[in-house]
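Below is input29.cif, holding mmCIF, C-alpha atoms and all ligand atoms.
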data_target
#
loop_
_atom_site.label_atom_id
_atom_site.label_comp_id
_atom_site.auth_asym_id
_atom_site.auth_seq_id
_atom_site.Cartn_x
_atom_site.Cartn_y
_atom_site.Cartn_z
CA MET A 15 -10.43 -50.94 -11.13
CA GLN A 16 -7.93 -49.77 -13.72
CA ILE A 17 -7.21 -46.54 -15.53
CA ALA A 18 -8.50 -47.17 -19.07
CA SER A 19 -7.62 -43.93 -20.85
CA ILE A 20 -6.56 -40.34 -20.32
CA HIS A 21 -8.00 -37.49 -22.36
CA THR A 22 -7.15 -33.80 -22.59
CA HIS A 23 -9.53 -30.96 -23.41
CA LEU A 24 -7.96 -27.68 -24.53
CA LEU A 25 -10.55 -24.97 -23.92
CA SER A 26 -10.10 -21.75 -25.85
CA GLN A 27 -11.98 -18.48 -26.12
CA PRO A 28 -10.70 -15.11 -27.45
CA LEU A 29 -11.34 -12.19 -25.11
CA ASP A 30 -13.62 -9.35 -26.21
CA GLN A 31 -11.62 -7.04 -23.97
CA PRO A 32 -7.91 -7.90 -23.70
CA PHE A 33 -6.18 -7.00 -20.43
CA ASP A 34 -2.69 -6.77 -18.96
CA SER A 35 -1.02 -7.58 -15.70
CA ALA A 36 2.35 -5.93 -15.06
CA THR A 37 4.16 -8.67 -16.97
CA MET A 38 1.66 -10.52 -19.21
CA SER A 39 -0.92 -9.66 -21.87
CA PHE A 40 -4.15 -11.64 -22.05
CA THR A 41 -5.94 -11.73 -25.42
CA ILE A 42 -7.36 -15.24 -25.17
CA ARG A 43 -8.40 -17.61 -22.37
CA GLN A 44 -7.02 -21.11 -22.71
CA HIS A 45 -7.06 -23.83 -20.07
CA LEU A 46 -6.35 -27.55 -20.15
CA LEU A 47 -8.68 -30.06 -18.52
CA VAL A 48 -7.59 -33.63 -17.84
CA GLU A 49 -10.12 -36.46 -17.90
CA ILE A 50 -9.19 -39.92 -16.60
CA ARG A 51 -11.55 -42.75 -17.44
CA CYS A 52 -11.56 -46.09 -15.63
CA ASP A 53 -12.56 -49.51 -16.88
CA ASN A 54 -15.57 -49.55 -14.52
CA GLY A 55 -16.96 -46.28 -15.88
CA LEU A 56 -15.70 -43.93 -13.17
CA ILE A 57 -14.35 -40.61 -14.47
CA GLY A 58 -12.15 -38.01 -12.81
CA TRP A 59 -11.48 -34.41 -13.82
CA GLY A 60 -8.38 -32.32 -13.28
CA GLU A 61 -6.86 -29.13 -14.59
CA CYS A 62 -3.37 -27.79 -15.27
CA LEU A 63 -2.27 -24.24 -14.57
CA GLY A 64 -0.33 -22.44 -17.29
CA HIS A 65 0.15 -22.81 -21.04
CA ALA A 66 -2.57 -25.19 -22.21
CA GLY A 67 -0.76 -26.47 -25.29
CA ILE A 68 2.43 -27.34 -23.44
CA ASN A 69 0.44 -28.93 -20.62
CA GLN A 70 -1.47 -31.01 -23.16
CA ALA A 71 1.71 -32.38 -24.70
CA ILE A 72 3.17 -33.35 -21.33
CA VAL A 73 -0.03 -34.92 -20.00
CA ASN A 74 -0.22 -37.00 -23.18
CA ALA A 75 3.40 -38.04 -22.69
CA MET A 76 2.67 -39.06 -19.10
CA ALA A 77 -0.51 -41.02 -19.87
CA PRO A 78 1.17 -44.39 -20.64
CA THR A 79 2.73 -44.37 -17.15
CA LEU A 80 -0.78 -44.46 -15.64
CA VAL A 81 -2.92 -46.50 -18.05
CA GLY A 82 -3.66 -49.95 -16.66
CA LYS A 83 -2.86 -48.93 -13.07
CA ASN A 84 -5.14 -48.70 -10.04
CA PRO A 85 -6.29 -45.05 -9.87
CA LEU A 86 -6.49 -45.20 -6.06
CA ASP A 87 -2.69 -45.55 -5.78
CA ILE A 88 -2.38 -41.77 -6.01
CA GLU A 89 0.86 -41.34 -4.05
CA LEU A 90 2.53 -44.10 -6.07
CA HIS A 91 1.52 -42.44 -9.32
CA TRP A 92 2.78 -39.02 -8.20
CA LEU A 93 6.19 -40.44 -7.41
CA ALA A 94 6.31 -42.53 -10.60
CA LEU A 95 5.50 -39.52 -12.77
CA TYR A 96 7.96 -37.27 -10.93
CA ASN A 97 10.74 -39.84 -11.23
CA GLN A 98 9.98 -40.50 -14.88
CA PHE A 99 9.88 -36.80 -15.84
CA ARG A 100 12.24 -35.18 -13.33
CA ASP A 101 14.80 -34.47 -16.05
CA GLN A 102 12.16 -32.54 -18.02
CA GLY A 103 11.85 -30.00 -15.21
CA GLN A 104 11.30 -29.94 -11.45
CA ARG A 105 9.01 -26.92 -11.70
CA GLY A 106 6.79 -25.37 -14.35
CA ALA A 107 5.13 -27.40 -17.10
CA THR A 108 6.11 -30.86 -15.84
CA ILE A 109 4.60 -30.16 -12.43
CA ASN A 110 1.54 -28.49 -13.97
CA ALA A 111 0.90 -31.74 -15.85
CA ILE A 112 1.33 -33.90 -12.74
CA SER A 113 -1.02 -31.51 -10.93
CA GLY A 114 -3.86 -32.01 -13.40
CA LEU A 115 -3.49 -35.78 -13.32
CA ASP A 116 -3.32 -35.82 -9.52
CA VAL A 117 -6.52 -33.79 -9.15
CA ALA A 118 -8.31 -36.14 -11.56
CA LEU A 119 -7.14 -39.17 -9.55
CA TRP A 120 -8.49 -37.62 -6.34
CA ASP A 121 -11.81 -36.98 -8.12
CA ILE A 122 -11.95 -40.67 -9.05
CA ALA A 123 -11.15 -41.68 -5.47
CA GLY A 124 -14.02 -39.50 -4.26
CA HIS A 125 -16.44 -41.11 -6.67
CA PHE A 126 -15.17 -44.57 -5.76
CA HIS A 127 -15.73 -43.97 -2.05
CA GLN A 128 -18.79 -41.76 -2.63
CA GLN A 129 -17.25 -39.01 -0.52
CA PRO A 130 -16.02 -35.49 -1.18
CA ILE A 131 -12.23 -35.25 -1.47
CA SER A 132 -12.13 -33.22 1.73
CA GLN A 133 -13.54 -36.23 3.60
CA LEU A 134 -10.89 -38.54 2.15
CA MET A 135 -8.23 -36.03 3.20
CA GLY A 136 -9.25 -36.04 6.83
CA GLY A 137 -12.39 -33.97 7.02
CA ALA A 138 -13.71 -30.47 6.35
CA TYR A 139 -13.27 -27.56 8.74
CA ARG A 140 -15.95 -25.57 6.91
CA THR A 141 -18.82 -25.90 4.43
CA HIS A 142 -18.41 -22.45 2.90
CA VAL A 143 -15.63 -19.94 2.50
CA GLN A 144 -15.29 -16.21 2.14
CA ALA A 145 -14.08 -15.24 -1.32
CA TYR A 146 -12.11 -12.27 -2.48
CA ALA A 147 -12.56 -10.85 -5.98
CA THR A 148 -9.49 -10.90 -8.19
CA GLY A 149 -9.50 -8.30 -10.94
CA GLY A 150 -8.30 -4.80 -11.59
CA PHE A 151 -6.14 -5.77 -14.53
CA ARG A 152 -5.33 -2.96 -16.96
CA ALA A 153 -8.01 -3.03 -19.68
CA VAL A 154 -6.29 -2.48 -23.02
CA GLY A 155 -7.40 0.70 -24.77
CA LYS A 156 -9.44 2.02 -21.86
CA ASP A 157 -8.82 4.78 -19.35
CA ARG A 158 -7.19 2.98 -16.41
CA LEU A 159 -8.78 4.91 -13.58
CA THR A 160 -12.28 4.83 -15.06
CA SER A 161 -12.28 1.12 -15.90
CA LEU A 162 -10.70 0.17 -12.57
CA SER A 163 -13.21 2.27 -10.62
CA ASP A 164 -16.14 0.74 -12.51
CA GLU A 165 -14.83 -2.77 -11.92
CA VAL A 166 -14.27 -2.25 -8.22
CA GLN A 167 -17.72 -0.71 -7.83
CA GLY A 168 -19.06 -3.86 -9.49
CA PHE A 169 -17.32 -6.03 -6.87
CA MET A 170 -18.92 -3.92 -4.13
CA ASN A 171 -22.36 -4.20 -5.77
CA ALA A 172 -21.89 -8.00 -5.96
CA GLY A 173 -21.31 -8.12 -2.20
CA PHE A 174 -17.59 -8.91 -2.03
CA LYS A 175 -15.99 -7.91 1.29
CA ALA A 176 -12.45 -8.35 -0.03
CA MET A 177 -10.74 -7.74 -3.36
CA LYS A 178 -7.39 -7.66 -5.08
CA ILE A 179 -6.27 -5.26 -7.79
CA LYS A 180 -3.25 -5.27 -10.07
CA VAL A 181 -0.34 -2.88 -9.63
CA GLY A 182 3.11 -2.79 -11.19
CA PHE A 183 2.25 -0.16 -13.79
CA GLY A 184 4.49 2.56 -12.32
CA LEU A 185 4.70 3.95 -8.79
CA GLU A 186 2.70 7.13 -9.19
CA ASP A 187 -0.04 5.50 -11.26
CA ASP A 188 -0.30 2.62 -8.80
CA LEU A 189 -0.58 4.97 -5.82
CA ARG A 190 -3.25 6.97 -7.61
CA ASP A 191 -5.18 3.75 -8.36
CA ILE A 192 -4.89 2.41 -4.81
CA ALA A 193 -6.10 5.72 -3.36
CA ALA A 194 -9.07 5.78 -5.74
CA VAL A 195 -10.04 2.19 -4.96
CA ARG A 196 -9.82 2.69 -1.20
CA ASP A 197 -12.00 5.78 -1.58
CA ILE A 198 -14.64 3.76 -3.48
CA ILE A 199 -14.70 0.71 -1.20
CA GLY A 200 -14.42 2.56 2.12
CA PRO A 201 -12.60 1.39 5.23
CA GLY A 202 -14.58 -1.83 5.82
CA THR A 203 -13.53 -3.80 2.74
CA ARG A 204 -10.26 -5.71 2.58
CA LEU A 205 -7.91 -4.65 -0.22
CA MET A 206 -4.89 -6.50 -1.61
CA ILE A 207 -2.44 -5.51 -4.34
CA ASP A 208 -0.63 -7.79 -6.83
CA ALA A 209 2.38 -6.56 -8.81
CA ASN A 210 2.94 -9.80 -10.76
CA HIS A 211 6.66 -9.21 -10.08
CA GLY A 212 6.62 -5.93 -11.95
CA TYR A 213 8.98 -4.14 -9.55
CA ASP A 214 12.52 -4.44 -8.28
CA THR A 215 13.31 -4.35 -4.59
CA LEU A 216 13.82 -0.59 -4.35
CA ALA A 217 10.63 0.32 -6.19
CA ALA A 218 8.58 -2.28 -4.32
CA THR A 219 9.92 -0.93 -1.03
CA GLU A 220 8.87 2.58 -1.94
CA LEU A 221 5.42 1.48 -3.08
CA GLY A 222 4.93 -0.53 0.09
CA LYS A 223 5.91 2.38 2.31
CA ARG A 224 3.69 4.87 0.51
CA ALA A 225 0.69 2.53 0.07
CA ALA A 226 0.61 1.08 3.58
CA HIS A 227 -1.68 3.75 5.01
CA TYR A 228 -4.40 2.62 2.59
CA ASP A 229 -4.68 -0.50 4.76
CA ILE A 230 -3.47 -3.20 2.35
CA ASP A 231 -3.88 -6.82 3.52
CA TRP A 232 -0.98 -8.07 1.42
CA PHE A 233 1.46 -7.09 -1.33
CA GLU A 234 1.54 -10.03 -3.77
CA GLU A 235 4.53 -10.92 -5.96
CA PRO A 236 6.21 -7.53 -5.57
CA VAL A 237 9.42 -8.76 -7.26
CA THR A 238 10.61 -11.60 -9.46
CA PRO A 239 9.86 -14.92 -7.75
CA GLU A 240 13.36 -16.28 -8.35
CA ALA A 241 14.81 -13.55 -6.09
CA LEU A 242 14.17 -15.16 -2.71
CA ASN A 243 16.52 -12.74 -0.94
CA SER A 244 14.53 -9.78 -2.24
CA TYR A 245 11.38 -11.23 -0.72
CA LYS A 246 13.07 -11.57 2.62
CA THR A 247 14.35 -7.99 2.40
CA LEU A 248 10.92 -6.64 1.49
CA ARG A 249 9.29 -8.13 4.56
CA THR A 250 11.29 -5.82 6.78
CA ALA A 251 11.94 -2.91 4.38
CA GLN A 252 8.27 -1.95 4.04
CA PRO A 253 5.21 -2.46 6.26
CA ILE A 254 2.73 -4.44 4.11
CA PRO A 255 2.65 -8.24 4.56
CA VAL A 256 4.31 -9.97 1.58
CA ALA A 257 2.57 -12.78 -0.34
CA ALA A 258 3.68 -15.08 -3.18
CA GLY A 259 3.76 -18.70 -4.26
CA GLU A 260 1.89 -19.25 -7.52
CA THR A 261 5.16 -19.78 -9.42
CA TRP A 262 6.87 -21.89 -6.74
CA HIS A 263 6.32 -25.56 -7.38
CA THR A 264 6.31 -28.76 -5.31
CA ARG A 265 7.11 -29.19 -1.63
CA TRP A 266 10.74 -28.34 -2.42
CA GLY A 267 9.98 -25.02 -4.08
CA ILE A 268 7.62 -23.99 -1.32
CA ALA A 269 10.03 -25.17 1.39
CA ALA A 270 12.79 -22.98 -0.07
CA ALA A 271 10.56 -19.93 0.21
CA LEU A 272 9.50 -20.79 3.75
CA GLN A 273 13.02 -21.61 4.92
CA ASN A 274 14.24 -18.27 3.56
CA GLU A 275 11.44 -16.40 5.38
CA CYS A 276 10.27 -14.91 2.09
CA VAL A 277 6.57 -14.40 2.74
CA ASP A 278 3.94 -13.73 5.37
CA ILE A 279 1.36 -15.50 3.20
CA ILE A 280 2.10 -18.43 0.88
CA GLN A 281 -0.04 -18.91 -2.23
CA PRO A 282 0.50 -22.29 -3.92
CA ASP A 283 -1.83 -23.21 -6.79
CA ILE A 284 -3.20 -26.76 -6.65
CA CYS A 285 -3.13 -27.08 -10.45
CA GLY A 286 0.50 -25.96 -10.62
CA VAL A 287 2.21 -26.89 -7.37
CA GLY A 288 1.74 -30.64 -7.81
CA GLY A 289 -1.95 -31.25 -7.20
CA LEU A 290 -3.91 -32.01 -4.06
CA SER A 291 -1.40 -34.65 -2.93
CA GLU A 292 1.39 -32.08 -2.91
CA MET A 293 -0.80 -29.41 -1.34
CA ARG A 294 -1.46 -31.67 1.63
CA LYS A 295 2.29 -31.95 2.23
CA ILE A 296 2.65 -28.19 1.84
CA LEU A 297 0.01 -27.57 4.49
CA THR A 298 2.27 -29.43 6.90
CA LEU A 299 5.16 -27.17 5.89
CA CYS A 300 2.98 -24.10 6.49
CA ASP A 301 2.16 -25.41 9.95
CA ILE A 302 5.83 -26.02 10.77
CA TYR A 303 6.93 -22.57 9.57
CA GLY A 304 3.87 -20.73 10.93
CA THR A 305 2.99 -19.26 7.55
CA ARG A 306 -0.59 -18.57 6.52
CA CYS A 307 -1.72 -20.35 3.33
CA VAL A 308 -4.08 -18.51 0.97
CA PRO A 309 -4.01 -20.66 -2.18
CA HIS A 310 -3.83 -19.18 -5.66
CA VAL A 311 -6.81 -20.15 -7.85
CA TRP A 312 -6.98 -19.37 -11.57
CA GLY A 313 -8.78 -21.38 -14.23
CA THR A 314 -12.06 -23.11 -15.01
CA GLY A 315 -14.79 -24.40 -12.73
CA VAL A 316 -12.69 -27.56 -12.29
CA ALA A 317 -9.78 -25.62 -10.77
CA LEU A 318 -12.27 -23.70 -8.65
CA ALA A 319 -13.83 -26.95 -7.39
CA ALA A 320 -10.38 -28.34 -6.56
CA GLY A 321 -9.60 -25.09 -4.75
CA LEU A 322 -12.77 -25.43 -2.70
CA GLN A 323 -11.93 -28.97 -1.58
CA LEU A 324 -8.58 -27.65 -0.42
CA HIS A 325 -10.20 -24.72 1.37
CA ALA A 326 -12.40 -27.20 3.19
CA ILE A 327 -9.34 -28.86 4.74
CA LEU A 328 -7.26 -25.72 5.45
CA PRO A 329 -6.72 -25.75 9.21
CA PRO A 330 -7.93 -22.59 10.95
CA SER A 331 -5.08 -20.11 11.30
CA PRO A 332 -4.37 -19.63 14.14
CA PRO A 333 -5.86 -22.87 15.53
CA SER A 334 -8.13 -21.14 18.02
CA PHE A 335 -11.87 -20.79 18.57
CA GLY A 336 -13.45 -18.26 16.26
CA SER A 337 -10.40 -17.91 14.06
CA ASP A 338 -10.71 -18.50 10.34
CA ALA A 339 -8.27 -17.02 7.85
CA ALA A 340 -9.50 -19.14 4.92
CA LEU A 341 -10.01 -16.88 1.94
CA LEU A 342 -10.81 -18.12 -1.58
CA GLU A 343 -9.32 -16.37 -4.59
CA PHE A 344 -12.26 -15.86 -6.97
CA ASP A 345 -11.15 -14.55 -10.34
CA GLN A 346 -13.72 -12.12 -11.74
CA THR A 347 -12.12 -11.44 -15.12
CA PRO A 348 -14.01 -12.57 -18.24
CA ASN A 349 -13.82 -16.36 -18.39
CA PRO A 350 -16.65 -18.46 -19.90
CA PHE A 351 -15.11 -21.63 -18.46
CA ARG A 352 -15.48 -20.61 -14.83
CA LEU A 353 -19.26 -20.96 -14.72
CA GLY A 354 -20.08 -22.29 -18.20
CA ILE A 355 -18.67 -25.82 -18.18
CA LEU A 356 -20.33 -27.12 -15.00
CA THR A 357 -23.92 -28.34 -14.95
CA THR A 358 -24.22 -26.64 -11.54
CA PRO A 359 -21.98 -23.56 -11.69
CA ILE A 360 -19.99 -22.58 -8.62
CA ASP A 361 -20.68 -18.96 -7.79
CA HIS A 362 -20.59 -16.69 -4.78
CA LYS A 363 -23.41 -15.02 -2.89
CA ASN A 364 -22.40 -11.79 -1.20
CA GLY A 365 -18.80 -12.94 -1.37
CA ILE A 366 -19.46 -16.37 0.18
CA VAL A 367 -18.98 -19.62 -1.78
CA ASP A 368 -20.52 -22.92 -0.70
CA ILE A 369 -18.16 -25.88 -0.96
CA PRO A 370 -19.69 -28.67 -3.11
CA GLN A 371 -20.61 -31.65 -0.95
CA GLY A 372 -20.92 -34.31 -3.67
CA PRO A 373 -18.40 -37.10 -4.30
CA GLY A 374 -14.90 -36.18 -5.45
CA LEU A 375 -14.73 -32.57 -6.62
CA GLY A 376 -18.51 -32.41 -6.30
CA ILE A 377 -19.06 -31.26 -9.87
CA ASP A 378 -20.50 -32.50 -13.15
CA VAL A 379 -18.90 -31.28 -16.36
CA ASP A 380 -21.34 -30.16 -19.06
CA ARG A 381 -20.21 -32.12 -22.13
CA ASP A 382 -22.05 -29.84 -24.58
CA ALA A 383 -20.39 -26.73 -23.16
CA LEU A 384 -17.07 -28.52 -23.18
CA ALA A 385 -17.44 -29.41 -26.86
CA HIS A 386 -18.34 -25.81 -27.64
CA PHE A 387 -15.09 -24.48 -26.18
CA THR A 388 -12.70 -27.36 -26.99
CA LEU A 389 -10.16 -26.93 -29.75
CA PRO A 390 -9.81 -30.00 -32.00
CA ALA A 391 -6.79 -32.10 -31.02
CA CA B 1 -1.15 -13.28 -8.51
#

Represent the structure contained in this file as structure tokens.
Amino acid sequence: MQIASIHTHLLSQPLDQPFDSATMSFTIRQHLLVEIRCDNGLIGWGECLGHAGINQAIVNAMAPTLVGKNPLDIELHWLALYNQFRDQGQRGATINAISGLDVALWDIAGHFHQQPISQLMGGAYRTHVQAYATGGFRAVGKDRLTSLSDEVQGFMNAGFKAMKIKVGFGLEDDLRDIAAVRDIIGPGTRLMIDANHGYDTLAATELGKRAAHYDIDWFEEPVTPEALNSYKTLRTAQPIPVAAGETWHTRWGIAAALQNECVDIIQPDICGVGGLSEMRKILTLCDIYGTRCVPHVWGTGVALAAGLQLHAILPPSPPSFGSDAALLEFDQTPNPFRLGILTTPIDHKNGIVDIPQGPGLGIDVDRDALAHFTLPA
């Protein structure tokens, strides 16, 4: 079996309702899918986190390194690509591109062996996972408190038992929003906040101190991810557990954060950190450093499926009877690619998501839907 060709699909859809995090504006959804075809007809799908156009260019540049090779030599290909492209960047777009290719290779391996990826990686601890709703961005042009309250009520109506809202829009506004959300969801629903590094250490410390009594599970990306010392400071300067990781890439980037005691919860993204191969190494790091892993998931149904295979193999934390900290990030913002490009969409029921049991990622991509959303190359 040989890799015959590698194709990219740049999915694009303008948003009816633009929204903001603390640091980014979203007016359009764009994601890059990677499709690897083999000479025997097997196909694998992957996805890259981040700017779809840049990812597309790098995946295309990497393709000749893989064409003609055995797709089952996944570790060899990871190292070959990293060596070949190291000088183009050891984090960011280069690693996003490797990530998408790596996920597609694992999908092929699953189809070749007729097993889900979780089985190839050592076996699944679970067949379903609790999901938390990600949302609460600032809707452009709408009253913040009203739109946030409506959105959170929608999560409750859908049966979610955990959710994450955006902060980083100013201390007093954030505290008002957190208080309102806790009032709506009551004491029995888990609540997390995500500042998308919209604060500095002093402001994040103050927010953490004043928000803690609203029972916040974690404070995500309080400050700029490059400032590892600030993360370490924040863990002791304020009482809410600190989480981050979606912008730290590869085993080396994650190891630096763990060695510096930056976070209580690490959040690597499969499609950005280096793929499933790299995630497996990172799980070992998490074990060594005693840090809980709650992966970041953001993208199409392909990224979601990859996230679910990883959640299947996340060891229980702590490794004791009845313990299970696995928690799937389930983006609830408008995104036609999350459900619309799979023949059998992955969705939750009362906040629980079943992990696909089919070969590879356990999904089939709907070619008609894909064509509808794909920009011409
Ligand atoms: Ca985040």

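The interatomic distance for the pair CA of Tyr146 in chain A and CA of Phe174 in chain A works out to 6.4 Å.
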
For range 299-310 of chain A, I'd like the enclosing box, axis-aligned and padded by 3 Å on every side, reported as AutoDock Vina command-line options with centre and edge lengths in Å to one decimal.
--center_x 1.4 --center_y -22.8 --center_z 2.6 --size_x 17.0 --size_y 14.7 --size_z 22.6

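If all atoms listed in the file are the atoms counted, then among A:Ala251, A:Ile20, A:Ala320, A:Ala209 the closest residue to Val237 in chain A is A:Ala209.
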
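In terms of minimum interatomic distance to Gly58 in chain A, A:Gly374 ranks closest within A:Gly321, A:Gly374, A:Gly288, A:Gly313, counting only C-alpha atoms.
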
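You will find CA of Val117 in chain A at 8.2 Å from CA of Ile284 in chain A.
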
- request: Could you jot down the CA of Val81 in chain A to CA of Glu61 in chain A separation for me, Å, one decimal place?
  value: 18.1 Å

message: Counting all atoms listed in the file, what are the residues, protein, DNA or RNA alike, that approach ligand CA 1 (chain B) to within 12 Å? I want them as a VMD selection string.
response: chain A and resid 35 to 38 147 to 151 178 to 182 206 to 212 232 to 239 256 to 262 280 to 283 308 to 312 343 to 345

For the residues in that selection, give me C-alpha atoms as a tab-separated table (two decimals), keeping the file's coordinate frame.
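Below is the file selection26.tsv, written as the result:
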chain	number	residue	atom	x	y	z
A	35	SER	CA	-1.02	-7.58	-15.70
A	36	ALA	CA	2.35	-5.93	-15.06
A	37	THR	CA	4.16	-8.67	-16.97
A	38	MET	CA	1.66	-10.52	-19.21
A	147	ALA	CA	-12.56	-10.85	-5.98
A	148	THR	CA	-9.49	-10.90	-8.19
A	149	GLY	CA	-9.50	-8.30	-10.94
A	150	GLY	CA	-8.30	-4.80	-11.59
A	151	PHE	CA	-6.14	-5.77	-14.53
A	178	LYS	CA	-7.39	-7.66	-5.08
A	179	ILE	CA	-6.27	-5.26	-7.79
A	180	LYS	CA	-3.25	-5.27	-10.07
A	181	VAL	CA	-0.34	-2.88	-9.63
A	182	GLY	CA	3.11	-2.79	-11.19
A	206	MET	CA	-4.89	-6.50	-1.61
A	207	ILE	CA	-2.44	-5.51	-4.34
A	208	ASP	CA	-0.63	-7.79	-6.83
A	209	ALA	CA	2.38	-6.56	-8.81
A	210	ASN	CA	2.94	-9.80	-10.76
A	211	HIS	CA	6.66	-9.21	-10.08
A	212	GLY	CA	6.62	-5.93	-11.95
A	232	TRP	CA	-0.98	-8.07	1.42
A	233	PHE	CA	1.46	-7.09	-1.33
A	234	GLU	CA	1.54	-10.03	-3.77
A	235	GLU	CA	4.53	-10.92	-5.96
A	236	PRO	CA	6.21	-7.53	-5.57
A	237	VAL	CA	9.42	-8.76	-7.26
A	238	THR	CA	10.61	-11.60	-9.46
A	239	PRO	CA	9.86	-14.92	-7.75
A	256	VAL	CA	4.31	-9.97	1.58
A	257	ALA	CA	2.57	-12.78	-0.34
A	258	ALA	CA	3.68	-15.08	-3.18
A	259	GLY	CA	3.76	-18.70	-4.26
A	260	GLU	CA	1.89	-19.25	-7.52
A	261	THR	CA	5.16	-19.78	-9.42
A	262	TRP	CA	6.87	-21.89	-6.74
A	280	ILE	CA	2.10	-18.43	0.88
A	281	GLN	CA	-0.04	-18.91	-2.23
A	282	PRO	CA	0.50	-22.29	-3.92
A	283	ASP	CA	-1.83	-23.21	-6.79
A	308	VAL	CA	-4.08	-18.51	0.97
A	309	PRO	CA	-4.01	-20.66	-2.18
A	310	HIS	CA	-3.83	-19.18	-5.66
A	311	VAL	CA	-6.81	-20.15	-7.85
A	312	TRP	CA	-6.98	-19.37	-11.57
A	343	GLU	CA	-9.32	-16.37	-4.59
A	344	PHE	CA	-12.26	-15.86	-6.97
A	345	ASP	CA	-11.15	-14.55	-10.34

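Excluding Met15 in chain A itself and same-chain residues fewer than 6 positions from it, the residues having an atom within 8 Å of it are Cys52, Asp53, Asn54, Asn84 and Pro85 of chain A, counting all atoms listed in the file.
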
message: With all atoms listed in the file as the counted atoms, please give the residues lying no more than 9 Å from His125 in chain A, apart from itself and same-chain residues fewer than 2 positions off, as a VMD selection string.
response: chain A and resid 56 to 58 120 to 123 127 to 131 372 to 376

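Distances from A:Leu328, A:Val287, A:Leu318, A:Ile112 to Asp301 in chain A were compared using all atoms listed in the file, and the smallest one belongs to A:Leu328.
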
task: Could you check which of A:Asp157, A:Pro32, A:Ile17, A:Thr108 is closest to Leu80 in chain A, using all atoms listed in the file?
output: A:Ile17

query: Using only C-alpha atoms, which residues sit within 9 Å of range 379-382 of chain A once same-chain residues fewer than 3 positions away are excluded, as a list in words?
result: Trp59, Gly315, Val316, Gly354, Ile355, Leu356, Thr357, Thr358, Ala385, His386 and Phe387 of chain A

- request: Find the residues around His227 in chain A up to 10 Å (only C-alpha atoms counted), leave out those fewer than 3 positions away in its own chain, and share them as a VMD selection string.
  value: chain A and resid 193 222 to 224 230 253 to 254

- prompt: Skipping near chain neighbours, those fewer than 2 positions away, what residues fall within 10 Å of His325 in chain A using all atoms listed in the file, listed as a PyMOL selection string?
  reply: chain A and resi 132+138-144+307-309+319-323+327-329+340-342+369

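In terms of minimum interatomic distance to Ala271 in chain A, A:Lys246 ranks closest within A:Arg294, A:Lys246, A:Arg196, A:Arg105, counting all atoms listed in the file.
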
Provide range 342-376 of chain A of the preceding structure as a file containing C-alpha atoms, as a PDB file, in the first residue's frame.
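selection_26.pdb, written as the output of this step:
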ATOM      1  CA  LEU A 342     -15.104  16.903  25.584  1.00  0.00           C
ATOM      2  CA  GLU A 343     -15.027  20.490  24.363  1.00  0.00           C
ATOM      3  CA  PHE A 344     -18.094  20.824  22.134  1.00  0.00           C
ATOM      4  CA  ASP A 345     -18.177  24.139  20.300  1.00  0.00           C
ATOM      5  CA  GLN A 346     -21.748  25.411  19.994  1.00  0.00           C
ATOM      6  CA  THR A 347     -21.095  28.521  17.907  1.00  0.00           C
ATOM      7  CA  PRO A 348     -22.562  28.630  14.379  1.00  0.00           C
ATOM      8  CA  ASN A 349     -20.575  26.205  12.234  1.00  0.00           C
ATOM      9  CA  PRO A 350     -22.187  24.322   9.311  1.00  0.00           C
ATOM     10  CA  PHE A 351     -19.143  22.045   9.061  1.00  0.00           C
ATOM     11  CA  ARG A 352     -19.525  20.523  12.511  1.00  0.00           C
ATOM     12  CA  LEU A 353     -22.615  18.476  11.685  1.00  0.00           C
ATOM     13  CA  GLY A 354     -23.102  19.154   7.963  1.00  0.00           C
ATOM     14  CA  ILE A 355     -20.168  17.382   6.327  1.00  0.00           C
ATOM     15  CA  LEU A 356     -20.590  13.934   7.897  1.00  0.00           C
ATOM     16  CA  THR A 357     -23.106  11.405   6.582  1.00  0.00           C
ATOM     17  CA  THR A 358     -23.781  10.508  10.237  1.00  0.00           C
ATOM     18  CA  PRO A 359     -23.348  13.736  12.219  1.00  0.00           C
ATOM     19  CA  ILE A 360     -21.740  13.593  15.644  1.00  0.00           C
ATOM     20  CA  ASP A 361     -23.990  15.282  18.157  1.00  0.00           C
ATOM     21  CA  HIS A 362     -24.653  15.181  21.874  1.00  0.00           C
ATOM     22  CA  LYS A 363     -27.676  13.956  23.781  1.00  0.00           C
ATOM     23  CA  ASN A 364     -28.171  15.677  27.118  1.00  0.00           C
ATOM     24  CA  GLY A 365     -24.512  16.647  27.035  1.00  0.00           C
ATOM     25  CA  ILE A 366     -23.233  13.118  26.314  1.00  0.00           C
ATOM     26  CA  VAL A 367     -21.473  12.223  23.035  1.00  0.00           C
ATOM     27  CA  ASP A 368     -21.079   8.646  21.829  1.00  0.00           C
ATOM     28  CA  ILE A 369     -17.631   7.857  20.463  1.00  0.00           C
ATOM     29  CA  PRO A 370     -17.863   6.455  16.894  1.00  0.00           C
ATOM     30  CA  GLN A 371     -16.955   2.765  16.851  1.00  0.00           C
ATOM     31  CA  GLY A 372     -16.258   2.334  13.129  1.00  0.00           C
ATOM     32  CA  PRO A 373     -12.799   1.942  11.580  1.00  0.00           C
ATOM     33  CA  GLY A 374     -10.352   4.842  11.809  1.00  0.00           C
ATOM     34  CA  LEU A 375     -12.094   8.048  12.853  1.00  0.00           C
ATOM     35  CA  GLY A 376     -15.413   6.238  12.476  1.00  0.00           C
TER      36      GLY A 376
END
